[in-house]
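K.L.:
Hey, dropping model09.cif in here, mmCIF, C-alpha atoms:
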data_entry
loop_
_atom_site.label_atom_id
_atom_site.label_comp_id
_atom_site.auth_asym_id
_atom_site.auth_seq_id
_atom_site.Cartn_x
_atom_site.Cartn_y
_atom_site.Cartn_z
CA MET Q 80 111.91 199.82 -12.56
CA LYS Q 81 108.31 198.98 -11.76
CA ARG Q 82 107.65 198.31 -15.40
CA LEU Q 83 110.35 195.70 -15.76
CA PRO Q 84 108.12 192.67 -15.02
CA LEU Q 85 105.58 193.93 -17.54
CA ILE Q 86 108.24 194.37 -20.21
CA LEU Q 87 109.60 190.91 -19.52
CA LEU Q 88 106.11 189.44 -19.73
CA LEU Q 89 105.44 191.13 -23.05
CA GLY Q 90 108.80 189.92 -24.28
CA ILE Q 91 107.96 186.34 -23.38
CA LEU Q 92 104.51 186.56 -24.93
CA SER Q 93 105.91 187.88 -28.18
CA PHE Q 94 107.92 184.69 -28.68
CA GLY Q 95 104.67 183.03 -29.65
CA ALA Q 96 104.40 185.34 -32.62
CA LEU Q 97 107.89 184.39 -33.73
CA ALA Q 98 107.28 180.68 -33.38
CA THR Q 99 104.22 180.40 -35.59
CA ASN Q 100 104.23 181.51 -39.15
CA ILE Q 101 100.95 183.37 -39.25
CA GLU Q 102 99.32 183.75 -42.61
CA VAL Q 103 97.62 187.05 -43.15
CA TYR Q 104 95.00 187.01 -45.85
CA ASP Q 105 93.16 190.13 -46.83
CA PHE Q 106 89.61 189.25 -47.78
CA ASP Q 107 87.30 191.44 -49.81
CA ASN Q 108 84.33 190.85 -47.52
CA PRO Q 109 83.24 188.75 -44.55
CA ALA Q 110 81.35 186.33 -46.79
CA GLN Q 111 84.54 185.55 -48.67
CA GLU Q 112 86.34 184.91 -45.43
CA ARG Q 113 83.57 182.61 -44.29
CA THR Q 114 83.77 180.63 -47.53
CA TYR Q 115 87.53 180.42 -47.09
CA LYS Q 116 87.12 179.01 -43.61
CA GLU Q 117 84.49 176.53 -44.74
CA LEU Q 118 86.59 175.35 -47.66
CA THR Q 119 89.81 174.92 -45.75
CA ALA Q 120 87.94 172.94 -43.11
CA GLU Q 121 86.44 170.63 -45.73
CA LEU Q 122 89.54 169.93 -47.76
CA ARG Q 123 91.80 167.19 -46.56
CA CYS Q 124 95.50 167.67 -46.14
CA LEU Q 125 97.02 165.04 -48.40
CA VAL Q 126 100.27 164.74 -46.50
CA CYS Q 127 98.80 164.36 -43.03
CA GLN Q 128 95.64 162.59 -43.99
CA ASN Q 129 93.64 163.07 -40.83
CA GLN Q 130 93.82 166.82 -40.84
CA ASP Q 131 92.00 169.39 -42.90
CA ILE Q 132 94.13 171.97 -44.64
CA ALA Q 133 93.03 174.70 -42.24
CA ASP Q 134 94.47 172.68 -39.41
CA SER Q 135 97.65 171.47 -41.00
CA ASN Q 136 100.97 173.18 -41.11
CA ALA Q 137 102.35 170.90 -43.82
CA GLU Q 138 103.89 172.87 -46.62
CA LEU Q 139 101.51 171.49 -49.20
CA ALA Q 140 98.56 172.45 -47.00
CA GLN Q 141 99.93 176.00 -46.78
CA ASP Q 142 100.16 176.13 -50.55
CA MET Q 143 96.67 174.70 -50.92
CA ARG Q 144 95.30 177.33 -48.54
CA HIS Q 145 96.99 179.94 -50.63
CA LYS Q 146 95.48 178.44 -53.77
CA VAL Q 147 92.00 178.52 -52.19
CA PHE Q 148 92.55 182.13 -51.20
CA SER Q 149 93.74 183.26 -54.60
CA MET Q 150 90.88 181.44 -56.32
CA LEU Q 151 88.39 183.19 -54.02
CA LYS Q 152 90.04 186.50 -54.80
CA ASN Q 153 89.60 185.73 -58.48
CA GLY Q 154 85.87 185.42 -57.93
CA LYS Q 155 85.61 181.62 -57.90
CA ASN Q 156 82.80 180.28 -55.73
CA LYS Q 157 82.89 177.42 -53.26
CA GLN Q 158 81.67 174.81 -55.71
CA GLU Q 159 84.20 175.79 -58.35
CA ILE Q 160 87.07 175.56 -55.90
CA THR Q 161 85.92 172.19 -54.55
CA ASP Q 162 85.59 170.91 -58.13
CA PHE Q 163 89.07 172.18 -58.91
CA MET Q 164 90.57 170.25 -56.01
CA VAL Q 165 88.52 167.10 -56.64
CA GLU Q 166 89.57 167.13 -60.29
CA ARG Q 167 93.18 167.00 -59.12
CA TYR Q 168 93.15 165.00 -55.93
CA GLY Q 169 89.94 163.01 -56.28
CA ASP Q 170 87.03 162.71 -53.86
CA PHE Q 171 89.65 161.79 -51.32
CA VAL Q 172 90.44 165.47 -50.84
CA ARG Q 173 86.93 166.09 -49.51
CA TYR Q 174 86.15 165.40 -45.91
CA ARG Q 175 82.52 165.13 -46.91
CA PRO Q 176 82.39 162.67 -49.78
CA PRO Q 177 79.48 163.09 -52.21
CA PHE Q 178 76.51 160.73 -52.12
CA GLU Q 179 76.83 158.73 -55.34
CA GLY Q 180 77.22 155.19 -56.67
CA LYS Q 181 80.87 154.85 -55.74
CA THR Q 182 80.37 156.04 -52.19
CA LEU Q 183 77.04 154.33 -51.56
CA VAL Q 184 78.63 151.63 -49.39
CA LEU Q 185 80.33 154.32 -47.36
CA TRP Q 186 77.11 156.17 -46.67
CA ILE Q 187 74.59 153.38 -46.15
CA GLY Q 188 76.97 150.56 -45.14
CA PRO Q 189 76.78 151.29 -41.40
CA PHE Q 190 72.95 151.33 -41.50
CA VAL Q 191 72.83 148.04 -43.38
CA ILE Q 192 75.15 146.47 -40.83
CA PHE Q 193 72.99 147.85 -38.03
CA VAL Q 194 69.80 146.41 -39.50
CA LEU Q 195 71.49 143.03 -40.05
CA ALA Q 196 72.73 143.06 -36.46
CA VAL Q 197 69.22 143.73 -35.15
CA ILE Q 198 67.78 140.91 -37.28
CA PHE Q 199 70.40 138.43 -36.03
CA MET Q 200 69.89 139.52 -32.45
CA LEU Q 201 66.10 139.05 -32.64
CA ARG Q 202 66.56 135.62 -34.16
CA ALA Q 203 69.02 134.62 -31.45
CA ILE Q 204 66.61 135.79 -28.75
CA ARG Q 205 63.70 133.88 -30.31
CA ARG Q 206 65.77 130.70 -30.56
CA ALA Q 207 66.83 130.98 -26.93
CA ARG Q 208 63.17 131.35 -25.88
CA GLN Q 209 62.13 128.30 -27.89
CA GLN Q 210 64.85 126.23 -26.27
CA GLU Q 211 63.62 127.32 -22.88
CA GLU Q 212 60.12 126.07 -23.69
CA HIS Q 213 61.49 122.69 -24.72
CA ARG Q 214 63.21 122.35 -21.42
CA GLU Q 215 60.00 121.37 -19.64
CA LEU Q 216 59.92 117.59 -19.15
CA ASN Q 217 57.03 115.26 -19.85
CA THR Q 218 55.83 112.71 -17.29
CA GLU Q 219 57.77 109.85 -18.85
CA GLN Q 220 61.03 111.77 -18.55
CA ILE Q 221 60.24 112.69 -14.97
CA THR Q 222 59.74 109.07 -13.88
CA GLN Q 223 62.92 108.16 -15.72
CA ALA Q 224 64.80 110.81 -13.83
CA ALA Q 225 63.30 109.68 -10.51
CA ASP Q 226 64.36 106.09 -11.20
CA LEU Q 227 67.88 107.19 -11.91
CA LEU Q 228 68.06 109.13 -8.70
CA GLU Q 229 66.73 106.27 -6.60
CA GLN Q 230 69.07 103.67 -8.09
CA PRO Q 231 71.77 102.76 -5.63
CA SER Q 232 74.99 103.76 -7.22
CA ASP Q 233 77.26 100.83 -7.95
CA LYS Q 234 80.31 102.99 -8.04
CA SER Q 235 81.77 103.81 -4.71
CA THR Q 236 80.82 107.20 -3.43
CA ASP Q 237 82.87 107.07 -0.31
CA ARG Q 238 85.65 109.50 -0.51
CA MET Z 308 80.88 119.16 -37.68
CA ASN Z 309 79.42 121.68 -40.13
CA LYS Z 310 79.39 124.33 -37.48
CA ALA Z 311 83.13 124.00 -37.01
CA ILE Z 312 83.92 124.00 -40.71
CA LEU Z 313 82.11 127.21 -41.62
CA PRO Z 314 84.09 129.61 -39.37
CA LEU Z 315 87.26 127.76 -40.27
CA GLY Z 316 86.49 128.25 -43.95
CA ILE Z 317 85.84 131.97 -43.42
CA PHE Z 318 89.09 132.22 -41.49
CA VAL Z 319 91.09 130.53 -44.24
CA VAL Z 320 89.60 132.81 -46.91
CA LEU Z 321 90.30 135.94 -44.85
CA ALA Z 322 93.82 134.79 -44.03
CA GLY Z 323 94.44 134.16 -47.73
CA LEU Z 324 93.18 137.63 -48.61
CA PHE Z 325 95.31 139.15 -45.89
CA PHE Z 326 98.51 137.55 -47.14
CA TYR Z 327 97.68 138.37 -50.74
CA VAL Z 328 97.27 142.07 -49.94
CA LEU Z 329 100.38 141.99 -47.75
CA GLN Z 330 102.37 140.57 -50.61
CA GLN Z 331 100.96 143.14 -53.04
CA MET Z 332 101.92 145.87 -50.60
CA GLY Z 333 105.43 144.46 -50.60
CA GLU Z 334 105.46 144.97 -54.34
CA GLY Z 335 104.38 148.56 -53.98
CA GLU Z 336 100.63 148.20 -54.53
CA TYR Z 337 97.93 149.17 -52.05
CA ASN Z 338 100.06 151.76 -50.35
CA PRO Z 339 97.78 153.01 -47.55
CA ARG Z 340 99.04 156.54 -48.11
CA ASP Z 341 98.23 156.41 -51.80
CA ILE Z 342 95.24 158.33 -52.98
CA PRO Z 343 93.40 157.21 -56.10
CA THR Z 344 94.87 158.44 -59.35
CA GLU Z 345 92.65 160.98 -60.99
CA PHE Z 346 94.75 161.92 -63.93
CA ILE Z 347 95.17 158.92 -66.21
CA GLY Z 348 93.61 159.57 -69.60
CA ARG Z 349 93.25 163.28 -69.10
CA THR Z 350 94.93 166.13 -70.88
CA ALA Z 351 98.04 167.18 -69.03
CA PRO Z 352 97.63 170.56 -67.33
CA GLY Z 353 99.81 173.27 -68.75
CA PHE Z 354 102.17 175.42 -66.74
CA SER Z 355 104.74 178.06 -67.30
CA LEU Z 356 107.45 178.06 -64.67
CA PRO Z 357 110.86 179.68 -64.55
CA LYS Z 358 113.81 177.45 -65.27
CA LEU Z 359 115.87 176.31 -62.32
CA PHE Z 360 119.12 177.38 -63.92
CA ASP Z 361 117.80 180.47 -65.67
CA PRO Z 362 114.87 182.32 -64.04
CA GLN Z 363 114.50 184.49 -67.13
CA GLN Z 364 113.41 181.52 -69.22
CA GLN Z 365 110.25 179.49 -68.88
CA VAL Z 366 109.53 175.77 -69.06
CA ARG Z 367 106.28 174.85 -70.80
CA PRO Z 368 104.95 171.31 -71.29
CA SER Z 369 103.51 172.32 -74.68
CA ALA Z 370 107.07 172.40 -76.03
CA TYR Z 371 107.27 168.60 -75.73
CA LYS Z 372 104.20 167.69 -77.76
CA GLY Z 373 104.68 165.16 -80.51
CA LYS Z 374 106.47 162.43 -78.57
CA PRO Z 375 106.00 160.80 -75.18
CA TRP Z 376 107.89 162.37 -72.31
CA LEU Z 377 108.10 162.20 -68.53
CA LEU Z 378 107.39 164.86 -65.96
CA ASN Z 379 109.17 164.28 -62.67
CA PHE Z 380 108.44 166.19 -59.48
CA TRP Z 381 111.36 166.19 -57.08
CA GLY Z 382 113.11 168.24 -54.41
CA THR Z 383 116.42 168.07 -52.61
CA TRP Z 384 114.47 167.71 -49.34
CA CYS Z 385 113.12 164.35 -50.45
CA PRO Z 386 115.29 161.29 -49.70
CA GLU Z 387 113.49 159.10 -52.23
CA CYS Z 388 114.37 161.60 -54.94
CA TRP Z 389 118.08 161.11 -54.22
CA ARG Z 390 117.56 157.36 -54.38
CA GLU Z 391 115.74 157.71 -57.68
CA HIS Z 392 118.28 160.03 -59.26
CA PRO Z 393 120.72 157.43 -60.66
CA TYR Z 394 117.83 155.65 -62.35
CA LEU Z 395 116.69 158.87 -64.00
CA LEU Z 396 120.21 159.32 -65.34
CA GLN Z 397 120.00 155.82 -66.75
CA LEU Z 398 116.71 156.68 -68.48
CA LYS Z 399 118.29 159.78 -69.93
CA ALA Z 400 121.08 157.62 -71.33
CA HIS Z 401 118.38 155.60 -73.12
CA GLY Z 402 117.09 158.78 -74.69
CA ILE Z 403 113.96 159.25 -72.58
CA PRO Z 404 113.04 162.94 -72.37
CA ILE Z 405 112.36 163.91 -68.76
CA VAL Z 406 111.20 167.32 -67.63
CA GLY Z 407 111.94 167.98 -63.99
CA VAL Z 408 110.05 170.18 -61.58
CA ASP Z 409 112.11 171.17 -58.58
CA TRP Z 410 109.27 171.46 -56.11
CA ARG Z 411 109.25 173.54 -52.91
CA ASP Z 412 112.98 173.79 -52.91
CA GLU Z 413 115.73 176.36 -52.57
CA ARG Z 414 117.02 177.33 -55.97
CA ALA Z 415 120.66 177.01 -54.90
CA ASP Z 416 120.10 173.55 -53.40
CA GLY Z 417 118.40 172.27 -56.52
CA GLN Z 418 121.14 173.61 -58.76
CA ALA Z 419 123.88 172.16 -56.57
CA MET Z 420 122.25 168.73 -56.48
CA LEU Z 421 122.10 168.51 -60.27
CA ARG Z 422 125.60 169.94 -60.76
CA GLU Z 423 127.14 167.42 -58.40
CA ASN Z 424 125.16 164.31 -59.35
CA GLY Z 425 124.39 164.91 -62.98
CA ASN Z 426 121.29 166.32 -64.62
CA PRO Z 427 118.86 163.75 -66.02
CA PHE Z 428 116.42 166.41 -67.20
CA ALA Z 429 115.86 167.92 -70.61
CA ALA Z 430 114.60 170.98 -68.73
CA VAL Z 431 114.11 171.77 -65.06
CA ALA Z 432 111.33 174.04 -63.84
CA PHE Z 433 111.41 175.69 -60.45
CA ASP Z 434 108.19 175.53 -58.44
CA PRO Z 435 108.68 176.88 -54.91
CA ASP Z 436 104.98 177.62 -54.30
CA SER Z 437 103.42 174.36 -55.56
CA THR Z 438 101.84 176.15 -58.52
CA ALA Z 439 102.35 173.26 -60.92
CA ALA Z 440 102.30 170.65 -58.14
CA ILE Z 441 98.71 171.46 -57.12
CA ASP Z 442 97.66 171.70 -60.76
CA TRP Z 443 99.01 168.21 -61.36
CA GLY Z 444 97.50 166.81 -58.18
CA VAL Z 445 100.90 166.09 -56.67
CA TYR Z 446 101.05 165.56 -52.91
CA GLY Z 447 104.43 163.93 -52.42
CA ALA Z 448 107.73 163.59 -54.17
CA PRO Z 449 109.01 162.00 -56.24
CA GLU Z 450 106.10 161.61 -58.58
CA THR Z 451 106.45 160.84 -62.25
CA PHE Z 452 103.90 161.32 -65.03
CA LEU Z 453 104.02 159.98 -68.54
CA VAL Z 454 102.54 162.30 -71.14
CA ASP Z 455 101.97 160.83 -74.59
CA ALA Z 456 102.52 162.47 -77.97
CA ASP Z 457 99.04 164.03 -77.86
CA GLY Z 458 99.54 165.56 -74.44
CA ILE Z 459 97.43 162.99 -72.56
CA ILE Z 460 98.65 161.66 -69.20
CA ARG Z 461 99.01 157.90 -69.61
CA ALA Z 462 100.77 156.72 -66.49
CA LYS Z 463 101.80 157.95 -63.09
CA HIS Z 464 104.18 156.60 -60.51
CA LYS Z 465 104.42 157.69 -56.91
CA GLY Z 466 107.71 157.14 -55.19
CA ALA Z 467 111.14 156.45 -56.58
CA LEU Z 468 111.15 155.14 -60.12
CA ASN Z 469 112.97 151.85 -60.56
CA GLU Z 470 113.38 149.11 -63.11
CA ALA Z 471 110.29 147.15 -61.97
CA ALA Z 472 107.98 150.17 -61.97
CA TRP Z 473 109.40 151.33 -65.27
CA ARG Z 474 108.74 148.01 -66.99
CA LYS Z 475 105.26 147.76 -65.55
CA LYS Z 476 103.94 151.22 -66.22
CA PHE Z 477 106.14 153.14 -68.63
CA ALA Z 478 108.34 150.97 -70.84
CA HIS Z 479 105.78 150.11 -73.50
CA TRP Z 480 105.28 153.77 -74.34
CA PHE Z 481 108.92 154.02 -75.34
CA GLU Z 482 109.40 150.70 -77.08
CA ASP Z 483 111.43 152.20 -79.90
CA LYS Z 484 113.96 153.49 -77.37
CA GLN Z 485 114.73 150.23 -75.58
#
Output the structure of this file as structure tokens.

P.N.:
Amino acid sequence: MKRLPLILLLGILSFGALATNIEVYDFDNPAQERTYKELTAELRCLVCQNQDIADSNAELAQDMRHKVFSMLKNGKNKQEITDFMVERYGDFVRYRPPFEGKTLVLWIGPFVIFVLAVIFMLRAIRRARQQEEHRELNTEQITQAADLLEQPSDKSTDR
Amino acid sequence: MNKAILPLGIFVVLAGLFFYVLQQMGEGEYNPRDIPTEFIGRTAPGFSLPKLFDPQQQVRPSAYKGKPWLLNFWGTWCPECWREHPYLLQLKAHGIPIVGVDWRDERADGQAMLRENGNPFAAVAFDPDSTAAIDWGVYGAPETFLVDADGIIRAKHKGALNEAAWRKKFAHWFEDKQ
């Protein structure tokens, strides 16, 4: 009777195993497994576009994982498998797009915007400084201002 | 004066662009879930899949060389495929050869669907493990490819095929059949 809580606990824990459909892949060596993990983390799930296929439980992602696995088993290397997927699903399938003409804007765009922002900011600061310098009044303006202040106001100020 | 006009001008241009794209999206272009088409102009990948109605026999695209034909990926789990189905039957009536791939489906469900609603396909392959789907770069159903007489993929349509999409992308490959 002492063991009952333990049995119950094990029973509850085992529900987890029922709930998730765990894929068991038998790799030839640890290097192959590592490549598999790298690949599935770099290939985008096309159904749920912000997940990699390692992370996604979408059916297509499961099938793509299986495809990656069977290609690895057939001796294909990482590059060959990536090329295979890109040939079919385009660069879009890669989480790390290649650095080339088409993707140039993607890679250097943020830096260009940053540099432009810095240039505009420096110019704005310089202009503000210049305006500040101009704010100093010459003697003529000062006497003018003094006259204005001394003039008795013709409009009523009593309120 | 100038200072007010410049931002206003930029705003008008951006607003115009916004509404243009919105309108195009309404017509089925610029779908944010679409991924760029990789396949146009390339040789259609081959496959050899068991037939839906007869697992002993195989469906092979090579059998259809010599005239343009359509390859349609569908599944009974996909609502758009049901919506598309009557139009496929219409195409069949016009003599358009369509090869179907019942993708990630239960064999019995696929068979029942075609028995009850009519079969628009010249042949139906059964692809429960995405073998052909991945090879053809398919990521959603329905998806329809047009393969020309030389086995080159010439057009592709994602989503349910309808009259507008047909006229725009496919019709001119079958002009003799219209």

K.L.:
Considering all atoms listed in the file, extract the chain Q residues located within 10 Å of chain Z and return them as a list in words.

P.N.:
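Putting it all together, I get Cys124, Leu125, Val126, Cys127, Gln128, Glu138, Leu139, Ala140, Gln141, Asp142, Met143, His145, Lys146, Phe163, Met164, Val165, Glu166, Arg167, Tyr168, Gly169, Asp170, Phe171 and Val172 of chain Q.
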
K.L.:
Would you put the residues from that selection into a file with C-alpha atoms, as an mmCIF file, in the frame of the given file?

P.N.:
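Writing done, so here's part_23.cif:
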data_model
loop_
_atom_site.group_PDB
_atom_site.id
_atom_site.type_symbol
_atom_site.label_atom_id
_atom_site.label_comp_id
_atom_site.auth_asym_id
_atom_site.auth_seq_id
_atom_site.Cartn_x
_atom_site.Cartn_y
_atom_site.Cartn_z
ATOM 1 C CA CYS Q 124 95.500 167.670 -46.140
ATOM 2 C CA LEU Q 125 97.020 165.040 -48.400
ATOM 3 C CA VAL Q 126 100.270 164.740 -46.500
ATOM 4 C CA CYS Q 127 98.800 164.360 -43.030
ATOM 5 C CA GLN Q 128 95.640 162.590 -43.990
ATOM 6 C CA GLU Q 138 103.890 172.870 -46.620
ATOM 7 C CA LEU Q 139 101.510 171.490 -49.200
ATOM 8 C CA ALA Q 140 98.560 172.450 -47.000
ATOM 9 C CA GLN Q 141 99.930 176.000 -46.780
ATOM 10 C CA ASP Q 142 100.160 176.130 -50.550
ATOM 11 C CA MET Q 143 96.670 174.700 -50.920
ATOM 12 C CA HIS Q 145 96.990 179.940 -50.630
ATOM 13 C CA LYS Q 146 95.480 178.440 -53.770
ATOM 14 C CA PHE Q 163 89.070 172.180 -58.910
ATOM 15 C CA MET Q 164 90.570 170.250 -56.010
ATOM 16 C CA VAL Q 165 88.520 167.100 -56.640
ATOM 17 C CA GLU Q 166 89.570 167.130 -60.290
ATOM 18 C CA ARG Q 167 93.180 167.000 -59.120
ATOM 19 C CA TYR Q 168 93.150 165.000 -55.930
ATOM 20 C CA GLY Q 169 89.940 163.010 -56.280
ATOM 21 C CA ASP Q 170 87.030 162.710 -53.860
ATOM 22 C CA PHE Q 171 89.650 161.790 -51.320
ATOM 23 C CA VAL Q 172 90.440 165.470 -50.840
#

K.L.:
On this file, the PyMOL selection byres ((chain Z and resi 386-398) around 7) gives some set of residues; write that set as a list of chain:residue names.

P.N.:
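This file gives the following for the PyMOL selection byres ((chain Z and resi 386-398) around 7): Z:Trp381, Z:Gly382, Z:Trp384, Z:Cys385, Z:Lys399, Z:Ala400, Z:His401, Z:Gly402, Z:Ile403, Z:Pro427, Z:Ala448, Z:Pro449, Z:Gly466, Z:Ala467, Z:Leu468, Z:Asn469.
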
K.L.:
Hey, what comes out of the PyMOL selection byres ((chain Z and resi 361) around 12) on this file? Could you write it as a PDB file with C-alpha atoms, in the frame of the given file?

P.N.:
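Writing the result to part_28.pdb gives the following:
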ATOM      1  CA  LEU Z 356     107.450 178.060 -64.670  1.00  0.00           C
ATOM      2  CA  PRO Z 357     110.860 179.680 -64.550  1.00  0.00           C
ATOM      3  CA  LYS Z 358     113.810 177.450 -65.270  1.00  0.00           C
ATOM      4  CA  LEU Z 359     115.870 176.310 -62.320  1.00  0.00           C
ATOM      5  CA  PHE Z 360     119.120 177.380 -63.920  1.00  0.00           C
ATOM      6  CA  PRO Z 362     114.870 182.320 -64.040  1.00  0.00           C
ATOM      7  CA  GLN Z 363     114.500 184.490 -67.130  1.00  0.00           C
ATOM      8  CA  GLN Z 364     113.410 181.520 -69.220  1.00  0.00           C
ATOM      9  CA  GLN Z 365     110.250 179.490 -68.880  1.00  0.00           C
ATOM     10  CA  VAL Z 366     109.530 175.770 -69.060  1.00  0.00           C
ATOM     11  CA  ARG Z 414     117.020 177.330 -55.970  1.00  0.00           C
ATOM     12  CA  ALA Z 415     120.660 177.010 -54.900  1.00  0.00           C
ATOM     13  CA  GLN Z 418     121.140 173.610 -58.760  1.00  0.00           C
ATOM     14  CA  ALA Z 430     114.600 170.980 -68.730  1.00  0.00           C
ATOM     15  CA  VAL Z 431     114.110 171.770 -65.060  1.00  0.00           C
ATOM     16  CA  ALA Z 432     111.330 174.040 -63.840  1.00  0.00           C
ATOM     17  CA  PHE Z 433     111.410 175.690 -60.450  1.00  0.00           C
TER      18      PHE Z 433
END

K.L.:
Check what the PyMOL selection byres ((chain Q and resi 133) around 12) selects in the file above and give those residues as a ChimeraX atom specification.

P.N.:
/Q:102,115-124,127,129-132,134-145,147-148

K.L.:
To one decimal in Å, tell me the separation between CA of Trp480 in chain Z and CA of Ser369 in chain Z.

P.N.:
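If I compute the distance from CA of Trp480 in chain Z to CA of Ser369 in chain Z, I get 18.6 Å.
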
K.L.:
Report the distance between CA of Asp409 in chain Z and CA of Thr383 in chain Z in Å, rounded to one decimal place.

P.N.:
8.0 Å

K.L.:
May I ask for the distance between CA of Phe380 in chain Z and CA of Glu159 in chain Q, given in Å to one decimal place?

P.N.:
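Rounded to one decimal, the two atoms are 26.1 Å apart.
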
K.L.:
Go through Q:Glu229, Q:Glu219, Q:Asp107, Q:Glu211 one by one, measure the shortest atom-to-atom distance of each to Ser149 in chain Q using only C-alpha atoms, and give the residue with the smallest value.

P.N.:
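The answer is Q:Asp107, which sits nearest to Ser149 in chain Q.
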
K.L.:
Which residue out of Z:Phe481, Z:Phe354, Z:Phe428, Z:Trp473 has the minimum interatomic distance to Gly407 in chain Z when all atoms listed in the file are used?

P.N.:
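Nearest to Gly407 in chain Z: Z:Phe428.
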
K.L.:
Output requested as a PDB file, keeping the file's coordinate frame - range 190-196 of chain Q, filled out with all heavy atoms.

P.N.:
ATOM      1  N   PHE Q 190      74.360 151.572 -41.800  1.00  0.00           N
ATOM      2  CA  PHE Q 190      72.950 151.330 -41.500  1.00  0.00           C
ATOM      3  C   PHE Q 190      72.572 149.897 -41.848  1.00  0.00           C
ATOM      4  O   PHE Q 190      71.830 149.242 -41.116  1.00  0.00           O
ATOM      5  CB  PHE Q 190      72.063 152.329 -42.251  1.00  0.00           C
ATOM      6  CG  PHE Q 190      72.372 153.749 -41.870  1.00  0.00           C
ATOM      7  CD1 PHE Q 190      73.074 154.585 -42.735  1.00  0.00           C
ATOM      8  CD2 PHE Q 190      71.996 154.248 -40.635  1.00  0.00           C
ATOM      9  CE1 PHE Q 190      73.386 155.873 -42.375  1.00  0.00           C
ATOM     10  CE2 PHE Q 190      72.305 155.542 -40.265  1.00  0.00           C
ATOM     11  CZ  PHE Q 190      72.999 156.355 -41.131  1.00  0.00           C
ATOM     12  N   VAL Q 191      73.104 149.418 -42.986  1.00  0.00           N
ATOM     13  CA  VAL Q 191      72.830 148.040 -43.380  1.00  0.00           C
ATOM     14  C   VAL Q 191      73.348 147.076 -42.320  1.00  0.00           C
ATOM     15  O   VAL Q 191      72.645 146.162 -41.891  1.00  0.00           O
ATOM     16  CB  VAL Q 191      73.485 147.745 -44.755  1.00  0.00           C
ATOM     17  CG1 VAL Q 191      73.392 146.251 -45.071  1.00  0.00           C
ATOM     18  CG2 VAL Q 191      72.803 148.551 -45.858  1.00  0.00           C
ATOM     19  N   ILE Q 192      74.569 147.336 -41.860  1.00  0.00           N
ATOM     20  CA  ILE Q 192      75.150 146.470 -40.830  1.00  0.00           C
ATOM     21  C   ILE Q 192      74.308 146.512 -39.559  1.00  0.00           C
ATOM     22  O   ILE Q 192      74.041 145.492 -38.924  1.00  0.00           O
ATOM     23  CB  ILE Q 192      76.607 146.888 -40.539  1.00  0.00           C
ATOM     24  CG1 ILE Q 192      77.475 146.551 -41.757  1.00  0.00           C
ATOM     25  CG2 ILE Q 192      77.155 146.179 -39.301  1.00  0.00           C
ATOM     26  CD1 ILE Q 192      78.875 147.084 -41.685  1.00  0.00           C
ATOM     27  N   PHE Q 193      73.817 147.709 -39.225  1.00  0.00           N
ATOM     28  CA  PHE Q 193      72.990 147.850 -38.030  1.00  0.00           C
ATOM     29  C   PHE Q 193      71.710 147.026 -38.145  1.00  0.00           C
ATOM     30  O   PHE Q 193      71.360 146.276 -37.237  1.00  0.00           O
ATOM     31  CB  PHE Q 193      72.651 149.329 -37.806  1.00  0.00           C
ATOM     32  CG  PHE Q 193      71.756 149.573 -36.634  1.00  0.00           C
ATOM     33  CD1 PHE Q 193      72.255 149.460 -35.343  1.00  0.00           C
ATOM     34  CD2 PHE Q 193      70.418 149.890 -36.812  1.00  0.00           C
ATOM     35  CE1 PHE Q 193      71.438 149.673 -34.256  1.00  0.00           C
ATOM     36  CE2 PHE Q 193      69.588 150.102 -35.722  1.00  0.00           C
ATOM     37  CZ  PHE Q 193      70.102 149.994 -34.444  1.00  0.00           C
ATOM     38  N   VAL Q 194      71.047 147.149 -39.296  1.00  0.00           N
ATOM     39  CA  VAL Q 194      69.800 146.410 -39.500  1.00  0.00           C
ATOM     40  C   VAL Q 194      70.062 144.911 -39.431  1.00  0.00           C
ATOM     41  O   VAL Q 194      69.332 144.161 -38.759  1.00  0.00           O
ATOM     42  CB  VAL Q 194      69.158 146.795 -40.861  1.00  0.00           C
ATOM     43  CG1 VAL Q 194      68.013 145.849 -41.207  1.00  0.00           C
ATOM     44  CG2 VAL Q 194      68.643 148.233 -40.805  1.00  0.00           C
ATOM     45  N   LEU Q 195      71.142 144.454 -40.089  1.00  0.00           N
ATOM     46  CA  LEU Q 195      71.490 143.030 -40.050  1.00  0.00           C
ATOM     47  C   LEU Q 195      71.732 142.584 -38.607  1.00  0.00           C
ATOM     48  O   LEU Q 195      71.261 141.527 -38.186  1.00  0.00           O
ATOM     49  CB  LEU Q 195      72.738 142.773 -40.885  1.00  0.00           C
ATOM     50  CG  LEU Q 195      72.526 142.749 -42.401  1.00  0.00           C
ATOM     51  CD1 LEU Q 195      73.854 142.550 -43.110  1.00  0.00           C
ATOM     52  CD2 LEU Q 195      71.548 141.646 -42.797  1.00  0.00           C
ATOM     53  N   ALA Q 196      72.423 143.404 -37.845  1.00  0.00           N
ATOM     54  CA  ALA Q 196      72.730 143.060 -36.460  1.00  0.00           C
ATOM     55  C   ALA Q 196      71.455 142.895 -35.653  1.00  0.00           C
ATOM     56  O   ALA Q 196      71.317 141.943 -34.877  1.00  0.00           O
ATOM     57  CB  ALA Q 196      73.621 144.137 -35.838  1.00  0.00           C
TER      58      ALA Q 196
END
